[in-house]
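A.B. asks: Below is the file query25.txt, which contains compact mmCIF, C-alpha atoms.
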```txt
# COMPACT_ATOMS: atom_id res chain seq x y z
CA MET A 1463 144.78 23.95 112.02
CA PHE A 1464 145.51 27.41 113.41
CA VAL A 1465 143.17 26.79 116.35
CA ARG A 1466 145.02 23.61 117.29
CA LEU A 1467 148.36 25.41 116.94
CA PHE A 1468 147.13 28.21 119.20
CA ARG A 1469 145.93 25.73 121.83
CA TRP A 1470 149.26 23.87 121.68
CA LEU A 1471 151.17 27.13 122.16
CA ARG A 1472 148.98 28.02 125.14
CA ARG A 1473 149.93 24.71 126.75
CA HIS A 1474 153.64 25.55 126.29
CA PRO A 1475 154.07 29.18 127.41
CA ARG A 1476 157.78 28.74 128.10
CA LEU A 1477 158.34 27.90 124.44
CA VAL A 1478 156.47 31.05 123.41
CA ASP A 1479 158.67 33.14 125.70
CA LEU A 1480 161.77 31.50 124.22
CA MET A 1481 160.49 32.29 120.72
CA TRP A 1482 160.39 35.96 121.74
CA ALA A 1483 163.85 35.97 123.35
CA LEU A 1484 165.72 34.30 120.47
CA PRO A 1485 164.72 36.74 117.69
CA THR A 1486 165.46 39.68 119.99
CA ILE A 1487 168.93 38.30 120.60
CA GLY A 1488 169.40 37.72 116.87
CA ILE A 1489 168.45 41.30 115.98
CA SER A 1490 170.72 42.64 118.71
CA LEU A 1491 173.66 40.63 117.37
CA SER A 1492 172.99 41.91 113.87
CA VAL A 1493 173.70 45.48 115.05
CA LEU A 1494 176.75 44.49 117.13
CA GLU A 1495 179.07 46.62 114.99
CA THR A 1496 177.00 49.71 115.63
CA PHE A 1497 177.67 49.56 119.37
CA THR A 1498 181.35 48.48 119.20
CA HIS A 1499 182.77 50.56 116.30
CA PRO A 1500 184.30 53.91 117.43
CA ARG A 1501 183.41 55.74 114.21
CA ILE A 1502 179.74 54.81 114.52
CA PHE A 1503 179.11 54.75 118.24
CA GLY A 1504 181.26 57.64 119.50
CA GLN A 1505 184.29 58.28 121.62
CA HIS A 1506 183.58 55.51 124.14
CA PRO A 1507 182.41 52.40 122.31
CA ILE A 1508 181.37 49.35 124.37
CA THR A 1509 183.41 46.18 123.98
CA TRP A 1510 181.79 43.31 122.18
CA TYR A 1511 181.76 41.01 125.22
CA ALA A 1512 180.20 43.75 127.37
CA TYR A 1513 177.56 44.26 124.71
CA LEU A 1514 176.82 40.50 124.62
CA ALA A 1515 176.51 40.46 128.40
CA LEU A 1516 174.05 43.36 128.20
CA VAL A 1517 171.97 41.57 125.54
CA ALA A 1518 171.92 38.34 127.56
CA ALA A 1519 170.94 40.18 130.75
CA MET A 1520 168.03 41.85 128.94
CA CYS A 1521 166.77 38.78 127.02
CA VAL A 1522 167.38 35.60 129.03
CA PRO A 1523 165.11 36.61 131.96
CA MET A 1524 162.25 36.97 129.45
CA ILE A 1525 161.97 33.18 129.44
CA TRP A 1526 160.50 33.41 132.96
CA ARG A 1527 158.43 36.54 132.38
CA ARG A 1528 155.08 34.73 132.80
CA ARG A 1529 156.07 33.06 136.04
CA TRP A 1530 157.59 36.07 137.82
CA PRO A 1531 156.51 39.23 135.93
CA ARG A 1532 157.36 41.74 138.65
CA ALA A 1533 160.77 40.22 139.39
CA VAL A 1534 161.70 40.08 135.70
CA PHE A 1535 160.48 43.68 135.22
CA ALA A 1536 162.59 44.89 138.16
CA PHE A 1537 165.67 43.03 136.88
CA ILE A 1538 165.36 44.43 133.35
CA VAL A 1539 164.83 47.95 134.72
CA CYS A 1540 168.08 47.60 136.69
CA VAL A 1541 169.93 46.37 133.60
CA ALA A 1542 168.51 49.29 131.60
CA PHE A 1543 169.78 51.72 134.26
CA VAL A 1544 173.26 50.14 134.01
CA GLN A 1545 173.02 50.57 130.23
CA TRP A 1546 172.19 54.26 130.71
CA ALA A 1547 175.03 54.69 133.23
CA LEU A 1548 177.52 53.13 130.79
CA ASP A 1549 176.33 55.53 128.08
CA VAL A 1550 175.07 52.69 125.83
CA GLN A 1551 172.29 54.06 123.68
CA VAL A 1552 168.88 52.45 123.23
CA GLY A 1553 168.95 49.22 121.22
CA PRO A 1554 166.56 46.42 120.16
CA VAL A 1555 166.77 44.70 123.56
CA ASP A 1556 165.15 47.73 125.24
CA LEU A 1557 161.82 46.66 123.75
CA ASN A 1558 161.68 44.15 126.61
CA LEU A 1559 160.94 47.05 128.94
CA PHE A 1560 157.65 47.68 127.15
CA VAL A 1561 156.80 43.97 127.06
CA MET A 1562 157.24 43.76 130.82
CA LEU A 1563 155.22 46.95 131.32
CA TYR A 1564 152.33 45.29 129.46
CA LEU A 1565 152.62 42.12 131.57
CA VAL A 1566 152.67 43.98 134.88
CA ALA A 1567 149.64 46.03 133.84
CA ALA A 1568 147.76 42.92 132.65
CA GLU A 1569 148.60 40.62 135.57
CA TYR A 1570 148.65 42.82 138.68
CA ALA A 1571 146.60 45.46 140.44
CA PHE A 1572 146.20 49.02 139.20
CA VAL A 1573 148.77 50.39 141.68
CA TRP A 1574 151.48 48.10 140.32
CA SER A 1575 150.67 49.10 136.74
CA ILE A 1576 150.92 52.79 137.63
CA ALA A 1577 154.30 52.22 139.29
CA ALA A 1578 155.62 50.27 136.28
CA ALA A 1579 154.45 52.95 133.84
CA ALA A 1580 156.09 55.67 135.94
CA VAL A 1581 159.41 53.80 135.99
CA VAL A 1582 159.40 53.31 132.21
CA GLU A 1583 158.44 56.95 131.65
CA LEU A 1584 161.29 58.04 133.93
CA GLY A 1585 163.65 55.94 131.82
CA ALA A 1586 162.38 57.67 128.69
CA VAL A 1587 163.05 61.08 130.26
CA LEU A 1588 166.59 60.06 131.25
CA ALA A 1589 167.31 58.68 127.77
CA VAL A 1590 166.12 61.85 126.03
CA TRP A 1591 168.04 64.07 128.47
CA ARG A 1592 171.31 62.17 127.93
CA TRP A 1593 171.30 61.37 124.23
CA TRP A 1594 168.88 63.68 122.42
CA ALA A 1595 168.61 66.85 124.50
CA GLY A 1596 171.04 68.68 122.22
CA HIS A 1597 169.12 67.90 119.04
CA ASN A 1598 166.43 70.17 117.65
CA ALA A 1599 163.76 67.49 117.93
CA GLY A 1600 165.22 66.00 121.12
CA TRP A 1601 162.56 66.85 123.69
CA SER A 1602 159.78 66.55 121.15
CA SER A 1603 160.71 62.89 120.83
CA LEU A 1604 159.80 62.56 124.51
CA VAL A 1605 156.18 63.12 123.52
CA ALA A 1606 156.34 60.12 121.18
CA PHE A 1607 157.93 58.01 123.94
CA THR A 1608 155.21 59.08 126.37
CA ILE A 1609 152.42 58.24 123.95
CA PHE A 1610 153.95 54.84 123.29
CA VAL A 1611 154.34 54.10 127.02
CA GLY A 1612 150.74 55.20 127.62
CA ALA A 1613 149.44 52.98 124.80
CA ILE A 1614 151.24 49.92 126.18
CA TRP A 1615 149.94 50.67 129.68
CA VAL A 1616 146.34 51.11 128.50
CA TRP A 1617 146.57 47.90 126.49
CA GLY A 1618 147.66 45.99 129.58
CA LEU A 1619 144.84 47.52 131.63
CA TYR A 1620 142.31 46.56 128.95
CA VAL A 1621 143.50 42.94 128.91
CA SER A 1622 143.37 42.83 132.72
CA THR A 1623 139.83 44.21 132.78
CA ARG A 1624 138.75 41.80 130.05
CA ARG A 1625 140.13 38.83 131.94
CA LYS A 1626 138.39 39.85 135.15
CA TYR A 1627 135.13 40.35 133.27
CA THR A 1628 135.41 36.92 131.61
CA ALA A 1629 136.23 35.26 134.94
CA GLU A 1630 133.21 36.96 136.50
CA LEU A 1631 130.94 35.73 133.69
CA GLU A 1632 132.25 32.19 134.07
CA GLU A 1633 131.71 32.28 137.82
CA ARG A 1634 128.21 33.65 137.34
CA ALA A 1635 127.41 30.90 134.82
CA LYS A 1636 128.64 28.23 137.23
CA ARG A 1637 126.62 29.77 140.05
CA LEU A 1638 123.48 29.88 137.89
CA GLU A 1639 124.05 26.26 136.88
CA ARG A 1640 124.31 25.23 140.53
CA GLU A 1641 121.16 27.19 141.36
CA ARG A 1642 119.34 25.61 138.42
CA ASP A 1643 120.31 22.12 139.57
CA ALA A 1644 119.16 22.95 143.09
CA HIS A 1645 115.84 24.27 141.78
CA MET A 1646 115.37 21.13 139.70
CA GLN A 1647 115.99 18.94 142.73
CA VAL A 1648 113.59 20.98 144.83
CA ALA A 1649 110.98 20.83 142.04
CA ALA A 1650 111.35 17.05 141.74
CA ALA A 1651 111.08 16.58 145.51
CA GLY A 1652 108.06 18.87 145.67
CA GLU A 1653 106.42 17.00 142.79
CA ARG A 1654 106.87 13.65 144.51
CA ALA A 1655 105.47 15.07 147.75
CA ARG A 1656 102.47 16.57 145.93
CA ILE A 1657 101.71 13.30 144.15
CA ALA A 1658 101.90 11.45 147.45
CA ARG A 1659 99.50 13.92 149.11
CA GLU A 1660 97.01 13.80 146.24
CA MET A 1661 97.14 10.03 146.04
CA HIS A 1662 96.41 9.85 149.75
CA ASP A 1663 93.65 12.46 149.70
CA VAL A 1664 91.91 11.18 146.57
CA ILE A 1665 92.38 7.44 146.77
CA ALA A 1666 92.94 6.46 150.40
CA HIS A 1667 89.44 7.35 151.63
CA SER A 1668 87.70 5.59 148.73
CA VAL A 1669 89.81 2.46 149.10
CA SER A 1670 89.15 2.37 152.84
CA VAL A 1671 85.37 2.54 152.23
CA MET A 1672 85.63 -0.21 149.64
CA VAL A 1673 87.58 -2.48 152.03
CA VAL A 1674 85.03 -1.97 154.80
CA GLN A 1675 82.09 -2.60 152.47
CA ALA A 1676 83.76 -5.67 151.00
CA ASP A 1677 84.35 -7.14 154.46
CA GLY A 1678 80.74 -6.46 155.41
CA ALA A 1679 79.40 -7.95 152.19
CA SER A 1680 81.42 -11.16 152.63
CA TYR A 1681 80.07 -11.44 156.16
CA MET A 1682 76.40 -10.78 155.22
CA VAL A 1683 76.27 -12.61 151.89
CA ASP A 1684 74.63 -15.69 153.46
CA MET A 1685 72.61 -14.07 156.26
CA ASP A 1686 71.26 -11.00 154.43
CA PRO A 1687 71.85 -11.12 150.68
CA ALA A 1688 70.04 -7.81 150.19
CA ARG A 1689 72.42 -5.93 152.47
CA ALA A 1690 75.35 -7.68 150.84
CA ARG A 1691 74.06 -6.55 147.43
CA ARG A 1692 73.77 -2.95 148.62
CA ALA A 1693 77.33 -3.15 149.98
CA MET A 1694 78.59 -4.37 146.61
CA GLU A 1695 76.74 -1.54 144.88
CA THR A 1696 78.42 0.91 147.27
CA ILE A 1697 81.79 -0.62 146.39
CA GLY A 1698 81.11 -0.14 142.69
CA THR A 1699 79.97 3.46 143.12
CA THR A 1700 82.93 4.31 145.34
CA GLY A 1701 85.37 2.64 142.93
CA ARG A 1702 84.02 4.58 139.97
CA GLN A 1703 84.30 7.83 141.89
CA ALA A 1704 87.89 6.97 142.85
CA LEU A 1705 88.76 6.23 139.21
CA THR A 1706 87.22 9.54 138.12
CA GLU A 1707 89.21 11.48 140.72
CA MET A 1708 92.41 9.61 139.83
CA ARG A 1709 91.98 10.35 136.11
CA ARG A 1710 91.41 14.01 136.92
CA MET A 1711 94.58 14.09 139.05
CA LEU A 1712 96.71 12.31 136.45
CA GLY A 1713 95.39 14.63 133.77
CA VAL A 1714 97.24 17.45 135.50
CA LEU A 1715 100.50 15.47 135.52
CA ARG A 1716 100.58 14.06 132.00
CA GLU A 1717 100.09 15.40 128.51
CA ASN A 1718 96.68 15.05 126.88
CA ASP A 1719 96.55 12.13 124.43
CA ASP A 1720 94.44 12.35 121.28
CA ALA A 1721 93.34 8.75 121.74
CA GLY A 1722 91.16 9.68 124.73
CA PRO A 1723 91.25 8.71 128.41
CA TYR A 1724 90.14 5.11 127.85
CA ALA A 1725 92.62 4.23 125.06
CA PRO A 1726 95.30 1.61 125.84
CA GLN A 1727 98.58 3.03 127.05
CA PRO A 1728 101.10 3.40 124.18
CA GLY A 1729 104.19 1.20 124.00
CA VAL A 1730 107.15 0.39 121.79
CA GLU A 1731 104.93 -0.68 118.89
CA GLN A 1732 103.41 2.78 118.78
CA LEU A 1733 106.80 4.49 118.27
CA THR A 1734 106.38 4.25 114.49
CA GLU A 1735 103.05 6.04 114.73
CA LEU A 1736 104.58 8.66 117.06
CA VAL A 1737 107.45 9.30 114.63
CA GLY A 1738 104.92 9.66 111.81
CA GLN A 1739 102.95 12.23 113.80
CA ILE A 1740 106.09 14.26 114.57
CA ARG A 1741 107.16 14.02 110.93
CA SER A 1742 103.77 15.26 109.73
CA ALA A 1743 104.10 18.20 112.15
CA GLY A 1744 107.16 19.39 110.21
CA LEU A 1745 110.16 17.73 111.88
CA PRO A 1746 112.00 15.12 109.74
CA VAL A 1747 112.57 12.08 111.98
CA ASP A 1748 114.12 8.66 111.32
CA LEU A 1749 113.56 5.62 113.58
CA THR A 1750 116.03 2.72 113.73
CA VAL A 1751 115.83 -0.40 115.87
CA GLU A 1752 118.93 -2.45 116.70
CA GLY A 1753 119.29 -5.78 118.45
CA VAL A 1754 116.71 -8.50 118.96
CA PRO A 1755 113.37 -7.00 120.09
CA ALA A 1756 112.37 -8.41 123.47
CA GLU A 1757 109.00 -8.55 125.18
CA LEU A 1758 109.05 -5.65 127.62
CA PRO A 1759 106.64 -5.07 130.49
CA THR A 1760 103.79 -2.72 129.71
CA ALA A 1761 104.96 -0.05 132.15
CA LEU A 1762 108.50 -0.16 130.75
CA GLN A 1763 107.17 0.20 127.21
CA LEU A 1764 105.20 3.24 128.35
CA THR A 1765 108.40 4.71 129.82
CA VAL A 1766 110.24 4.19 126.52
CA TYR A 1767 107.39 5.78 124.59
CA ARG A 1768 107.14 8.81 126.91
CA ILE A 1769 110.89 9.47 126.82
CA VAL A 1770 110.91 9.44 123.02
CA GLN A 1771 107.75 11.55 122.91
CA GLU A 1772 109.12 14.16 125.31
CA ALA A 1773 112.52 14.34 123.55
CA LEU A 1774 110.96 14.78 120.09
CA THR A 1775 108.51 17.36 121.42
CA ASN A 1776 111.40 19.35 122.87
CA THR A 1777 113.27 19.06 119.57
CA ARG A 1778 110.28 20.35 117.64
CA LYS A 1779 109.90 23.30 120.03
CA HIS A 1780 113.51 24.32 120.61
CA ALA A 1781 115.79 22.94 117.85
CA GLY A 1782 114.73 25.39 115.14
CA PRO A 1783 112.80 25.16 111.86
CA ALA A 1784 115.59 23.50 109.83
CA ALA A 1785 116.43 20.76 112.34
CA THR A 1786 116.24 17.02 111.73
CA ALA A 1787 116.17 14.24 114.30
CA GLU A 1788 116.83 10.54 114.61
CA VAL A 1789 115.64 7.99 117.16
CA ASN A 1790 117.64 4.85 117.85
CA LEU A 1791 116.21 2.02 119.97
CA HIS A 1792 118.78 -0.62 120.95
CA TYR A 1793 117.86 -3.93 122.61
CA GLY A 1794 120.64 -5.39 124.73
CA ASP A 1795 120.87 -8.58 126.74
CA ASP A 1796 119.67 -7.01 129.97
CA SER A 1797 118.76 -3.45 129.04
CA VAL A 1798 117.18 -1.24 126.44
CA GLU A 1799 118.79 2.02 125.33
CA ILE A 1800 117.16 5.00 123.64
CA ARG A 1801 119.14 7.71 121.87
CA ILE A 1802 117.41 10.76 120.39
CA ARG A 1803 119.62 13.19 118.46
CA ASP A 1804 118.99 16.36 116.51
CA ASP A 1805 121.12 18.85 114.57
CA GLY A 1806 119.37 21.98 115.78
CA ARG A 1807 120.41 24.83 118.03
CA GLY A 1808 121.44 22.58 120.92
CA ALA A 1809 118.99 24.16 123.40
CA ALA A 1810 117.49 22.13 126.22
CA ALA A 1811 113.82 22.36 127.12
CA PRO A 1812 113.27 23.79 130.57
CA SER A 1813 111.25 21.87 133.07
CA ASP A 1814 107.88 23.29 134.01
CA GLY A 1815 108.12 22.02 137.59
CA ARG A 1816 105.33 19.45 137.20
CA GLY A 1817 107.15 16.30 136.17
CA HIS A 1818 107.57 17.15 132.47
CA GLY A 1819 110.69 17.92 130.45
CA LEU A 1820 114.10 16.61 131.41
CA VAL A 1821 113.10 16.12 135.05
CA GLY A 1822 110.10 14.01 134.00
CA MET A 1823 112.26 11.76 131.81
CA SER A 1824 114.76 11.27 134.63
CA GLU A 1825 111.97 10.45 137.08
CA ARG A 1826 110.49 7.82 134.75
CA ALA A 1827 113.88 6.20 134.13
CA SER A 1828 114.74 6.15 137.84
CA LEU A 1829 111.68 3.96 138.52
CA TYR A 1830 113.55 1.14 136.74
CA GLY A 1831 116.98 1.93 138.11
CA GLY A 1832 117.85 3.58 134.81
CA SER A 1833 119.32 6.94 133.92
CA VAL A 1834 118.89 9.74 131.41
CA ARG A 1835 121.80 11.79 130.07
CA THR A 1836 121.15 14.97 128.12
CA GLY A 1837 123.32 17.70 126.68
CA PRO A 1838 124.51 19.52 123.55
CA ARG A 1839 126.33 17.48 120.92
CA THR A 1840 129.81 18.24 119.64
CA GLY A 1841 129.40 20.17 116.44
CA GLY A 1842 125.85 21.29 117.16
CA GLY A 1843 122.53 19.79 118.12
CA TYR A 1844 121.22 18.09 121.23
CA GLU A 1845 121.14 14.50 122.45
CA VAL A 1846 119.01 12.55 124.92
CA PHE A 1847 120.31 9.11 125.97
CA ALA A 1848 118.34 6.80 128.27
CA HIS A 1849 119.52 3.48 129.69
CA LEU A 1850 116.78 1.24 131.15
CA PRO A 1851 117.64 -2.14 132.77
CA VAL A 1852 115.12 -4.92 132.15
CA THR A 1853 116.55 -7.64 134.42
CA GLU A 1854 114.29 -6.74 137.35
CA PRO A 1855 111.47 -4.67 135.88
CA ARG A 1856 108.63 -5.83 138.11
CA ARG A 1857 109.56 -3.54 140.97
CA ALA A 1858 108.30 -0.51 139.03
CA GLU A 1859 105.19 -2.01 137.43
CA THR A 1860 102.86 -0.49 139.98
CA SER A 1861 104.66 2.89 140.09
CA ALA A 1862 104.76 3.90 136.41
CA ALA A 1863 102.24 6.40 135.24
```
How does the structure come out when it is put into structure tokens?
C.D. replies:
Amino acid sequence: MFVRLFRWLRRHPRLVDLMWALPTIGISLSVLETFTHPRIFGQHPITWYAYLALVAAMCVPMIWRRRWPRAVFAFIVCVAFVQWALDVQVGPVDLNLFVMLYLVAAEYAFVWSIAAAAVVELGAVLAVWRWWAGHNAGWSSLVAFTIFVGAIWVWGLYVSTRRKYTAELEERAKRLERERDAHMQVAAAGERARIAREMHDVIAHSVSVMVVQADGASYMVDMDPARARRAMETIGTTGRQALTEMRRMLGVLRENDDAGPYAPQPGVEQLTELVGQIRSAGLPVDLTVEGVPAELPTALQLTVYRIVQEALTNTRKHAGPAATAEVNLHYGDDSVEIRIRDDGRGAAAPSDGRGHGLVGMSERASLYGGSVRTGPRTGGGYEVFAHLPVTEPRRAETSAA
């Protein structure tokens, strides 16, 4: 409740300034008799309407103190000098001098704060010289005034330094975020280029040999069956070598599966088994399925499985020991949506620059024209949301890992 009230007041600074001016005026009016009664004030009491004009001149400009701090400070200093010239002693409205000193010190450069403090200190000296110099403790009260002026000035300087430090931290965080995004884009582009180079180096030569041998075998199958048989044997040997090299290359890019290199690729039906494995590893996970399950292409099922696997792995590593997670799979008319939530520390898993982590999930989803959205949840935890269209899935069948 208090937080919402504070935020509302910050959105209405003019109202806050008015709330300061009105009580100051009220206190000043409560001591009106002190400044207008001859027996109390002295030989030259101020008239009540002159006193009201003085109070208004010192308080009304405070409504605009946030918008024009220096101008309001200069105006109030001039009014205070008129008060001193008219021999009107210090009253409640003179507190506005110290408020404006704080604002100038907090909002402007160090030179301006020094000038404002010097002006207020000069006013204190003039006040003591005129009204309290004849008393025993007259000039000793100047020490108290000076300490008070110095405290207000230092407070304003501290707030100014704190604001600059906070602004610098925010700017640094934004700059680091931009650099991180740039590094992620460079890493993704480099990964795609590396995959393309390796695919060309490892596969292209073997496929070219196989094409040549297949053409020769089809040509010699009737005229020289023995040569055709040798060509087919060469095709088989070359194909097996290409598969071996391709498995070795993909083993660098993907996580190792316990099922072995020749096991069928996992799909949506294996999500229950995946959730059970994660749960047995110590992370409580719930799986819910909404909508009417549809028959998805094999490559798209693999994408769904890998996104859930990567998100739960990140949760287990980074969410903390007391975290829980839930996986929601929603079948729509023309898309499938995956939402993985946890109630942990809200920390994202960094990408290792090789297609894993958040970058890897985004790359997989982009093959189908989909998207992945990640970020901390309101109230704590982390969320991964993936949207995968299924209206035209065939365009990515040959590209999915």
A.B. asks: Take CA of Val1611 (chain A) and CA of Val1582 (chain A) and report the distance between them in Å, one decimal.
C.D. replies: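 About the pair CA of Val1611 (chain A) and CA of Val1582 (chain A): they are 7.3 Å apart.
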A.B. asks: Applying 7 Å and all atoms listed in the file, which residues near region 1521-1523 of chain A remain after dropping the ones on its own chain fewer than 2 positions away? List them as a list in words.
C.D. replies: Ala1483, Ile1487, Val1517, Ala1518, Ala1519, Ile1525, Trp1526, Arg1527, Val1534 and Val1555 of chain A
A.B. asks: With all atoms listed in the file as the basis for distance, which of A:Tyr1570, A:Phe1610, A:Trp1530, A:Phe1560 is at the shortest distance from Ser1622 (chain A)?
C.D. replies: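 That would be A:Tyr1570, the residue with the smallest distance to Ser1622 (chain A).
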A.B. asks: Could you please determine the separation between CA of Tyr1793 (chain A) and CA of Leu1764 (chain A) in Å, to one decimal place?
C.D. replies: 15.6 Å
A.B. asks: May I ask which of the residues A:Met1524, A:Val1605, A:Ala1568, A:Val1587 is the closest one to Trp1617 (chain A), counting only C-alpha atoms?
C.D. replies: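 When distances to Trp1617 (chain A) are compared using only C-alpha atoms, the smallest one comes from A:Ala1568.
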A.B. asks: What lies within 10 Å of Ala1586 (chain A) using all atoms listed in the file, ignoring chain neighbours under 2 positions off, as an NGL selection string?
C.D. replies: :A and (1552 or 1580-1584 or 1588-1591 or 1603-1608 or 1611)
A.B. asks: So, counting all atoms listed in the file, which residue among A:Ala1676, A:Val1852, A:Pro1687, A:Glu1630 is closest to Gly1701 (chain A)?
C.D. replies: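 Under the stated criterion, the closest residue is A:Ala1676.
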A.B. asks: Please indicate the distance in Å from CA of Ile1576 (chain A) to CA of Ala1533 (chain A), rounded to one decimal place.
C.D. replies: 16.1 Å
A.B. asks: I'd like to know which of A:Thr1623, A:Thr1836, A:Gln1703, A:Gln1647 is closest to Ala1773 (chain A), using only C-alpha atoms.
C.D. replies: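 Checking each candidate against Ala1773 (chain A), we get A:Thr1836 as the closest.
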A.B. asks: Would you mind listing what lies within 12 Å of Arg1692 (chain A) as a list in words, with all atoms listed in the file counted and same-chain residues fewer than 6 positions away left out?
C.D. replies: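 Contacts, with the query itself left out: Gln1675, Ala1676, Gly1678, Ala1679, Ser1680, Met1682, Val1683, Asp1686, Gly1698 and Thr1699 of chain A.
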A.B. asks: Considering only C-alpha atoms, state which residue in the set A:Tyr1620, A:Tyr1830, A:Phe1847, A:Tyr1513 is at the smallest distance from Val1789 (chain A).
C.D. replies: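 Ranking A:Tyr1620, A:Tyr1830, A:Phe1847, A:Tyr1513 by distance to Val1789 (chain A), first place goes to A:Phe1847.
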A.B. asks: Using N, CA, C and O atoms, give me region 1624-1638 of chain A from the structure I just pasted, as an mmCIF file, in the first residue's frame.
C.D. replies:
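Resulting contents of result-v1.cif:
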```
data_model
loop_
_atom_site.group_PDB
_atom_site.id
_atom_site.type_symbol
_atom_site.label_atom_id
_atom_site.label_comp_id
_atom_site.auth_asym_id
_atom_site.auth_seq_id
_atom_site.Cartn_x
_atom_site.Cartn_y
_atom_site.Cartn_z
ATOM 1 N N ARG A 1624 24.548 10.373 -5.318
ATOM 2 C CA ARG A 1624 23.839 9.089 -5.394
ATOM 3 C C ARG A 1624 23.060 8.965 -6.702
ATOM 4 O O ARG A 1624 23.044 7.905 -7.328
ATOM 5 N N ARG A 1625 22.422 10.036 -7.108
ATOM 6 C CA ARG A 1625 21.673 10.005 -8.357
ATOM 7 C C ARG A 1625 22.592 9.788 -9.546
ATOM 8 O O ARG A 1625 22.285 9.016 -10.467
ATOM 9 N N LYS A 1626 23.722 10.482 -9.552
ATOM 10 C CA LYS A 1626 24.666 10.309 -10.658
ATOM 11 C C LYS A 1626 25.204 8.885 -10.691
ATOM 12 O O LYS A 1626 25.365 8.301 -11.760
ATOM 13 N N TYR A 1627 25.488 8.337 -9.509
ATOM 14 C CA TYR A 1627 25.991 6.964 -9.446
ATOM 15 C C TYR A 1627 24.950 5.967 -9.947
ATOM 16 O O TYR A 1627 25.265 5.042 -10.703
ATOM 17 N N THR A 1628 23.687 6.164 -9.548
ATOM 18 C CA THR A 1628 22.620 5.274 -10.016
ATOM 19 C C THR A 1628 22.426 5.392 -11.519
ATOM 20 O O THR A 1628 22.246 4.384 -12.219
ATOM 21 N N ALA A 1629 22.452 6.623 -12.039
ATOM 22 C CA ALA A 1629 22.312 6.812 -13.487
ATOM 23 C C ALA A 1629 23.460 6.147 -14.236
ATOM 24 O O ALA A 1629 23.263 5.543 -15.302
ATOM 25 N N GLU A 1630 24.667 6.228 -13.666
ATOM 26 C CA GLU A 1630 25.813 5.583 -14.314
ATOM 27 C C GLU A 1630 25.662 4.064 -14.312
ATOM 28 O O GLU A 1630 25.975 3.393 -15.309
ATOM 29 N N LEU A 1631 25.166 3.491 -13.210
ATOM 30 C CA LEU A 1631 24.946 2.052 -13.160
ATOM 31 C C LEU A 1631 23.885 1.613 -14.165
ATOM 32 O O LEU A 1631 24.029 0.572 -14.831
ATOM 33 N N GLU A 1632 22.813 2.398 -14.282
ATOM 34 C CA GLU A 1632 21.772 2.053 -15.244
ATOM 35 C C GLU A 1632 22.310 2.123 -16.673
ATOM 36 O O GLU A 1632 22.013 1.254 -17.500
ATOM 37 N N GLU A 1633 23.093 3.147 -16.964
ATOM 38 C CA GLU A 1633 23.667 3.259 -18.300
ATOM 39 C C GLU A 1633 24.638 2.117 -18.581
ATOM 40 O O GLU A 1633 24.662 1.569 -19.691
ATOM 41 N N ARG A 1634 25.415 1.744 -17.572
ATOM 42 C CA ARG A 1634 26.335 0.628 -17.759
ATOM 43 C C ARG A 1634 25.579 -0.671 -17.986
ATOM 44 O O ARG A 1634 25.980 -1.498 -18.822
ATOM 45 N N ALA A 1635 24.486 -0.878 -17.248
ATOM 46 C CA ALA A 1635 23.687 -2.094 -17.442
ATOM 47 C C ALA A 1635 23.089 -2.142 -18.845
ATOM 48 O O ALA A 1635 23.071 -3.194 -19.489
ATOM 49 N N LYS A 1636 22.586 -0.996 -19.325
ATOM 50 C CA LYS A 1636 22.041 -0.965 -20.679
ATOM 51 C C LYS A 1636 23.124 -1.241 -21.717
ATOM 52 O O LYS A 1636 22.891 -1.949 -22.702
ATOM 53 N N ARG A 1637 24.314 -0.658 -21.485
ATOM 54 C CA ARG A 1637 25.403 -0.884 -22.428
ATOM 55 C C ARG A 1637 25.832 -2.354 -22.434
ATOM 56 O O ARG A 1637 26.069 -2.932 -23.510
ATOM 57 N N LEU A 1638 25.908 -2.965 -21.257
ATOM 58 C CA LEU A 1638 26.263 -4.385 -21.191
ATOM 59 C C LEU A 1638 25.200 -5.254 -21.843
ATOM 60 O O LEU A 1638 25.520 -6.271 -22.479
#
```
